[in-house]
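File shown: entry_9.cif. Contents: mmCIF, C-alpha atoms.
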data_query
#
loop_
_atom_site.label_atom_id
_atom_site.label_comp_id
_atom_site.auth_asym_id
_atom_site.auth_seq_id
_atom_site.Cartn_x
_atom_site.Cartn_y
_atom_site.Cartn_z
CA MET A 1 0.00 0.00 0.00
CA ILE A 2 1.21 3.45 -0.92
CA PRO A 3 1.01 6.03 1.79
CA ASN A 4 -0.69 9.37 1.05
CA ILE A 5 2.12 11.80 1.37
CA ASN A 6 1.62 15.46 0.70
CA LEU A 7 4.87 17.24 0.24
CA LEU A 8 3.34 20.66 -0.40
CA PRO A 9 3.28 23.03 2.54
CA GLN A 10 -0.04 23.18 4.40
CA ASP A 11 -0.21 26.98 4.25
CA GLN A 12 -0.93 27.02 0.50
CA TYR A 13 -4.47 25.68 0.94
CA GLN A 14 -5.58 28.17 3.59
CA PRO A 15 -5.37 31.39 1.54
CA LYS A 16 -7.50 29.85 -1.22
CA ARG A 17 -10.25 29.08 1.28
CA LYS A 18 -10.04 32.58 2.76
CA ASN A 19 -10.08 34.13 -0.71
CA SER A 20 -13.16 32.15 -1.76
CA LEU A 21 -14.94 33.10 1.50
CA MET A 22 -14.13 36.79 0.94
CA LYS A 23 -15.39 36.57 -2.65
CA LEU A 24 -18.63 35.00 -1.45
CA ILE A 25 -19.16 37.74 1.16
CA ILE A 26 -18.46 40.46 -1.42
CA ILE A 27 -20.89 38.87 -3.90
CA ILE A 28 -23.61 38.64 -1.23
CA LEU A 29 -23.05 42.29 -0.22
CA LEU A 30 -23.20 43.40 -3.86
CA PHE A 31 -26.38 41.41 -4.32
CA ILE A 32 -27.95 43.07 -1.25
CA VAL A 33 -26.91 46.55 -2.49
CA ILE A 34 -28.35 45.85 -5.94
CA ILE A 35 -31.65 44.66 -4.42
CA PHE A 36 -31.77 47.74 -2.14
CA TYR A 37 -31.28 50.13 -5.05
CA GLY A 38 -33.76 48.19 -7.18
CA ILE A 39 -36.47 48.47 -4.52
CA ASN A 40 -35.74 52.18 -4.03
CA TYR A 41 -35.88 52.76 -7.77
CA TYR A 42 -39.24 50.99 -7.97
CA LEU A 43 -40.69 52.98 -5.05
CA LEU A 44 -39.39 56.29 -6.39
CA SER A 45 -40.77 55.60 -9.86
CA ASN A 46 -44.21 54.92 -8.33
CA ASP A 47 -44.00 58.14 -6.31
CA ILE A 48 -43.01 60.09 -9.41
CA ALA A 49 -45.93 58.63 -11.36
CA LYS A 50 -48.36 59.60 -8.58
CA MET A 51 -46.95 63.12 -8.39
CA GLU A 52 -47.20 63.53 -12.15
CA LYS A 53 -50.85 62.42 -12.01
CA LYS A 54 -51.57 64.93 -9.22
CA THR A 55 -49.77 67.63 -11.19
CA ASP A 56 -51.96 66.93 -14.21
CA GLN A 57 -55.11 67.05 -12.05
CA LEU A 58 -54.04 70.37 -10.52
CA ALA A 59 -53.22 71.79 -13.94
CA THR A 60 -56.71 70.84 -15.13
CA GLN A 61 -58.26 72.39 -12.03
CA ILE A 62 -56.24 75.59 -12.55
CA GLN A 63 -57.45 75.81 -16.16
CA THR A 64 -61.07 75.36 -15.03
CA GLU A 65 -60.73 78.04 -12.35
CA GLU A 66 -59.04 80.40 -14.81
CA LYS A 67 -61.97 79.95 -17.22
CA THR A 68 -64.41 80.69 -14.41
CA LEU A 69 -62.39 83.75 -13.39
CA THR A 70 -62.32 85.02 -16.98
CA GLN A 71 -66.07 84.51 -17.23
CA VAL A 72 -66.67 86.37 -13.96
CA GLN A 73 -64.40 89.25 -14.95
CA SER A 74 -65.98 89.62 -18.37
CA ASN A 75 -69.59 89.38 -17.16
CA PRO A 76 -70.34 91.26 -13.91
CA SER A 77 -73.95 90.05 -13.79
CA TYR A 78 -72.66 86.46 -13.70
CA ALA A 79 -70.51 87.35 -10.70
CA ILE A 80 -73.46 88.87 -8.87
CA ALA A 81 -75.70 85.87 -9.65
CA THR A 82 -73.00 83.44 -8.49
CA SER A 83 -72.46 85.42 -5.29
CA VAL A 84 -76.17 85.48 -4.55
CA GLN A 85 -76.45 81.71 -5.13
CA PHE A 86 -73.51 81.11 -2.79
CA ALA A 87 -74.99 83.35 -0.10
CA GLU A 88 -78.43 81.76 -0.39
CA LYS A 89 -76.91 78.32 -0.01
CA TYR A 90 -75.46 79.27 3.39
CA GLN A 91 -78.16 81.54 4.78
CA THR A 92 -79.92 80.59 7.98
CA PRO A 93 -83.24 82.23 8.80
CA ILE A 94 -82.81 83.48 12.37
CA SER A 95 -86.54 84.23 12.63
CA ASN A 96 -87.26 80.48 12.56
CA ILE A 97 -84.84 79.93 15.44
CA ILE A 98 -86.45 82.71 17.48
CA GLU A 99 -89.94 81.32 16.76
CA VAL A 100 -88.92 77.90 18.06
CA ALA A 101 -87.35 79.42 21.18
CA ASN A 102 -90.42 81.59 21.89
CA LYS A 103 -92.72 78.61 21.41
CA TYR A 104 -91.22 76.99 24.52
CA MET A 105 -90.85 80.18 26.56
CA THR A 106 -93.39 79.43 29.29
CA GLY A 107 -93.88 80.68 32.81
CA SER A 108 -91.31 83.25 33.82
CA GLY A 109 -89.00 82.57 30.87
CA GLU A 110 -87.66 85.63 29.12
CA LEU A 111 -85.34 85.55 26.09
CA ALA A 112 -82.63 88.10 26.89
CA GLY A 113 -80.29 87.53 23.99
CA LEU A 114 -79.22 85.39 21.07
CA ASP A 115 -75.75 84.99 19.54
CA TYR A 116 -75.32 83.21 16.20
CA LYS A 117 -71.88 82.06 14.95
CA ASP A 118 -71.05 79.40 12.36
CA GLY A 119 -74.06 77.17 12.81
CA GLN A 120 -74.17 77.54 16.59
CA VAL A 121 -76.68 79.59 18.56
CA GLU A 122 -76.21 80.74 22.14
CA PHE A 123 -79.41 81.66 23.95
CA ILE A 124 -79.39 83.84 27.07
CA VAL A 125 -82.64 83.25 28.95
CA TYR A 126 -83.88 84.45 32.35
CA PHE A 127 -85.99 82.11 34.54
CA ASP A 128 -87.46 82.32 38.03
CA ASN A 129 -86.49 78.71 38.79
CA LEU A 130 -84.20 76.06 37.34
CA ASN A 131 -87.05 73.65 36.60
CA GLU A 132 -88.27 75.98 33.88
CA ALA A 133 -84.75 76.16 32.46
CA SER A 134 -84.43 72.36 32.31
CA THR A 135 -87.87 72.06 30.67
CA PHE A 136 -86.88 74.69 28.09
CA VAL A 137 -83.63 72.82 27.29
CA ARG A 138 -85.48 69.49 27.01
CA ASN A 139 -88.08 71.01 24.65
CA LEU A 140 -85.39 72.58 22.44
CA ASP A 141 -83.56 69.26 22.32
CA ASN A 142 -86.70 67.64 20.84
CA GLU A 143 -86.73 70.13 17.95
CA ALA A 144 -85.41 68.97 14.57
CA ILE A 145 -83.85 72.39 13.92
CA PHE A 146 -81.18 71.70 16.58
CA LYS A 147 -78.59 68.94 16.45
CA THR A 148 -77.41 69.44 20.02
CA VAL A 149 -78.74 71.46 22.93
CA LYS A 150 -76.72 71.96 26.10
CA LEU A 151 -77.21 74.08 29.21
CA ASP A 152 -73.80 75.73 29.40
CA SER A 153 -74.25 77.65 32.64
CA ALA A 154 -76.86 78.89 35.06
CA SER A 155 -76.15 81.72 37.47
CA THR A 156 -78.22 83.64 39.98
CA PHE A 157 -78.77 87.36 39.73
CA THR A 158 -81.08 89.85 41.38
CA LYS A 159 -83.09 92.56 39.68
CA VAL A 160 -82.71 95.83 41.53
CA ASP A 161 -85.55 98.34 41.47
CA VAL A 162 -84.06 101.49 39.96
CA ASP A 163 -86.48 103.78 41.81
CA ASN A 164 -85.44 102.42 45.22
CA VAL A 165 -81.69 102.06 44.76
CA GLY A 166 -80.94 103.80 48.05
CA GLU A 167 -83.20 101.52 50.07
CA GLU A 168 -82.02 98.19 51.38
CA GLN A 169 -83.59 95.31 49.43
CA THR A 170 -83.71 91.62 50.19
CA LEU A 171 -81.84 89.83 47.47
CA ASN A 172 -83.51 86.44 47.83
CA GLU A 173 -87.00 87.71 46.96
CA ASN A 174 -86.07 88.98 43.51
CA ALA A 175 -83.53 86.28 42.61
CA GLN A 176 -83.64 84.93 39.07
CA TYR A 177 -81.52 82.56 37.04
CA LYS A 178 -79.59 83.49 33.94
CA ALA A 179 -79.24 80.40 31.76
CA ILE A 180 -76.83 80.23 28.84
CA ILE A 181 -77.87 77.49 26.42
CA LEU A 182 -75.60 76.40 23.58
CA THR A 183 -77.12 74.78 20.50
CA THR A 184 -75.81 73.46 17.21
CA LEU A 185 -78.08 73.92 14.22
CA ASN A 186 -79.15 71.12 11.93
CA PRO A 187 -78.52 72.62 8.45
CA SER A 188 -81.10 70.43 6.71
CA ALA A 189 -83.87 71.56 9.08
CA THR A 190 -83.09 75.28 9.45
CA THR A 191 -85.39 76.30 6.60
CA LYS A 192 -88.36 74.77 8.41
CA THR A 193 -89.93 76.28 11.49
CA GLY A 194 -89.04 73.48 13.84
CA GLY A 195 -90.91 70.25 14.43
CA ALA A 196 -90.25 67.21 16.54
CA LYS A 197 -87.20 65.06 15.87
#
Transcribe the structure of this file into structure tokens.
Amino acid sequence: MIPNINLLPQDQYQPKRKNSLMKLIIIILLFIVIIFYGINYYLLSNDIAKMEKKTDQLATQIQTEEKTLTQVQSNPSYAIATSVQFAEKYQTPISNIIEVANKYMTGSGELAGLDYKDGQVEFIVYFDNLNEASTFVRNLDNEAIFKTVKLDSASTFTKVDVDNVGEEQTLNENAQYKAIILTTLNPSATTKTGGAK
């Protein structure tokens, strides 16, 4: 039997293994970098396509608005008619709101003020007792013209007789309640004069 004798130095085989391992690592890293850039390219191209589509839509919208502006500038009666239509679309008849509030003003209730802002109405009402205030709020809440009705605050005040200012008066006899009631209007029902929900 012939013995297996290797006369080459052992160190010659090691560098080849290390070199092949380094080549494999470099190839894997290059592959990962290529995949990373490929995915980024794909995502960026989609984003660019979306932005170009939005740009086209905005350009079309600008052209439409420019045509409308040209039409308004050339025809003043068109501008007035358009303005009136816009205003009529957003008008709220306050008289209907006051009618509904007065309908439920019973007993000692007295409407002292009304503040209307952006679809919300604040009522300031004077009552002799809080039961009347809660009944008023409950009745308003049942109206279709209001989305929400909330008693914001109730405070006590005393009416002072102007003729007898110098005389001492008992404050408890003349005490009344000032109720502030916040409501949100129901736009679809504001043209009607109320009605149950």
(request) May I ask for the distance between atom CA of A:Gly119 and atom CA of A:Val84, given in Å to one decimal place? (result)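 A separation of 19.4 Å between them.
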(request) Please measure the separation of atom CA of A:Glu122 and atom CA of A:Ile180, giving the value in Å to one decimal. (result)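 Those two atoms sit 6.7 Å apart.
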(request) Work out how far apart atom CA of A:Leu182 and atom CA of A:Ile94 are and give it in Å to one decimal. (result)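 Atom CA of A:Ile94 lies 15.1 Å from atom CA of A:Leu182.
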(request) Find, counting all atoms listed in the file, the residue in A:Ser108, A:Thr184, A:Asn129, A:Ser74 that gets nearest to A:Ala144. (result)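 Checking each candidate against A:Ala144, we get A:Thr184 as the closest.
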(request) Find the spatial neighbours of A:Ala101, counting all atoms listed in the file, within a cut-off of 12 Å - ignore same-chain residues fewer than 4 positions away - and output them as an MDAnalysis selection string. (result) chainID A and resid 94:97 105:106 109:114 121:125 136:143 145:146 149 181 183 193:195
Export of the given selection (C-alpha atoms) as a compact mmCIF listing (two decimals), keeping the file's coordinate frame:
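Generated file (out-v4.txt):
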# COMPACT_ATOMS: atom_id res chain seq x y z
CA ILE A 94 -82.81 83.48 12.37
CA SER A 95 -86.54 84.23 12.63
CA ASN A 96 -87.26 80.48 12.56
CA ILE A 97 -84.84 79.93 15.44
CA MET A 105 -90.85 80.18 26.56
CA THR A 106 -93.39 79.43 29.29
CA GLY A 109 -89.00 82.57 30.87
CA GLU A 110 -87.66 85.63 29.12
CA LEU A 111 -85.34 85.55 26.09
CA ALA A 112 -82.63 88.10 26.89
CA GLY A 113 -80.29 87.53 23.99
CA LEU A 114 -79.22 85.39 21.07
CA VAL A 121 -76.68 79.59 18.56
CA GLU A 122 -76.21 80.74 22.14
CA PHE A 123 -79.41 81.66 23.95
CA ILE A 124 -79.39 83.84 27.07
CA VAL A 125 -82.64 83.25 28.95
CA PHE A 136 -86.88 74.69 28.09
CA VAL A 137 -83.63 72.82 27.29
CA ARG A 138 -85.48 69.49 27.01
CA ASN A 139 -88.08 71.01 24.65
CA LEU A 140 -85.39 72.58 22.44
CA ASP A 141 -83.56 69.26 22.32
CA ASN A 142 -86.70 67.64 20.84
CA GLU A 143 -86.73 70.13 17.95
CA ILE A 145 -83.85 72.39 13.92
CA PHE A 146 -81.18 71.70 16.58
CA VAL A 149 -78.74 71.46 22.93
CA ILE A 181 -77.87 77.49 26.42
CA THR A 183 -77.12 74.78 20.50
CA THR A 193 -89.93 76.28 11.49
CA GLY A 194 -89.04 73.48 13.84
CA GLY A 195 -90.91 70.25 14.43
(request) Could you tell me which of A:Gln176, A:Gln120, A:Ser20, A:Asn102 comes closest to A:Lys150 if we count only C-alpha atoms? (result)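 For A:Lys150, the nearest of the candidates is A:Gln120.
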(message) Please determine, counting all atoms listed in the file, which residue among A:Gln61, A:Thr68, A:Thr55, A:Thr156 has the shortest atom-to-atom distance to A:Thr82.
(response)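 Counting all atoms listed in the file, the residue closest to A:Thr82 is A:Thr68.
You can rank A:Asn131, A:Ser77, A:Gln57, A:Thr148 by their closest distance to A:Tyr177 using all atoms listed in the file, and at the top of that list sits A:Asn131.
Proximity ranking of A:Val100, A:Ala179, A:Leu58, A:Leu185 relative to A:Lys117 places A:Leu185 first, based on all atoms listed in the file.
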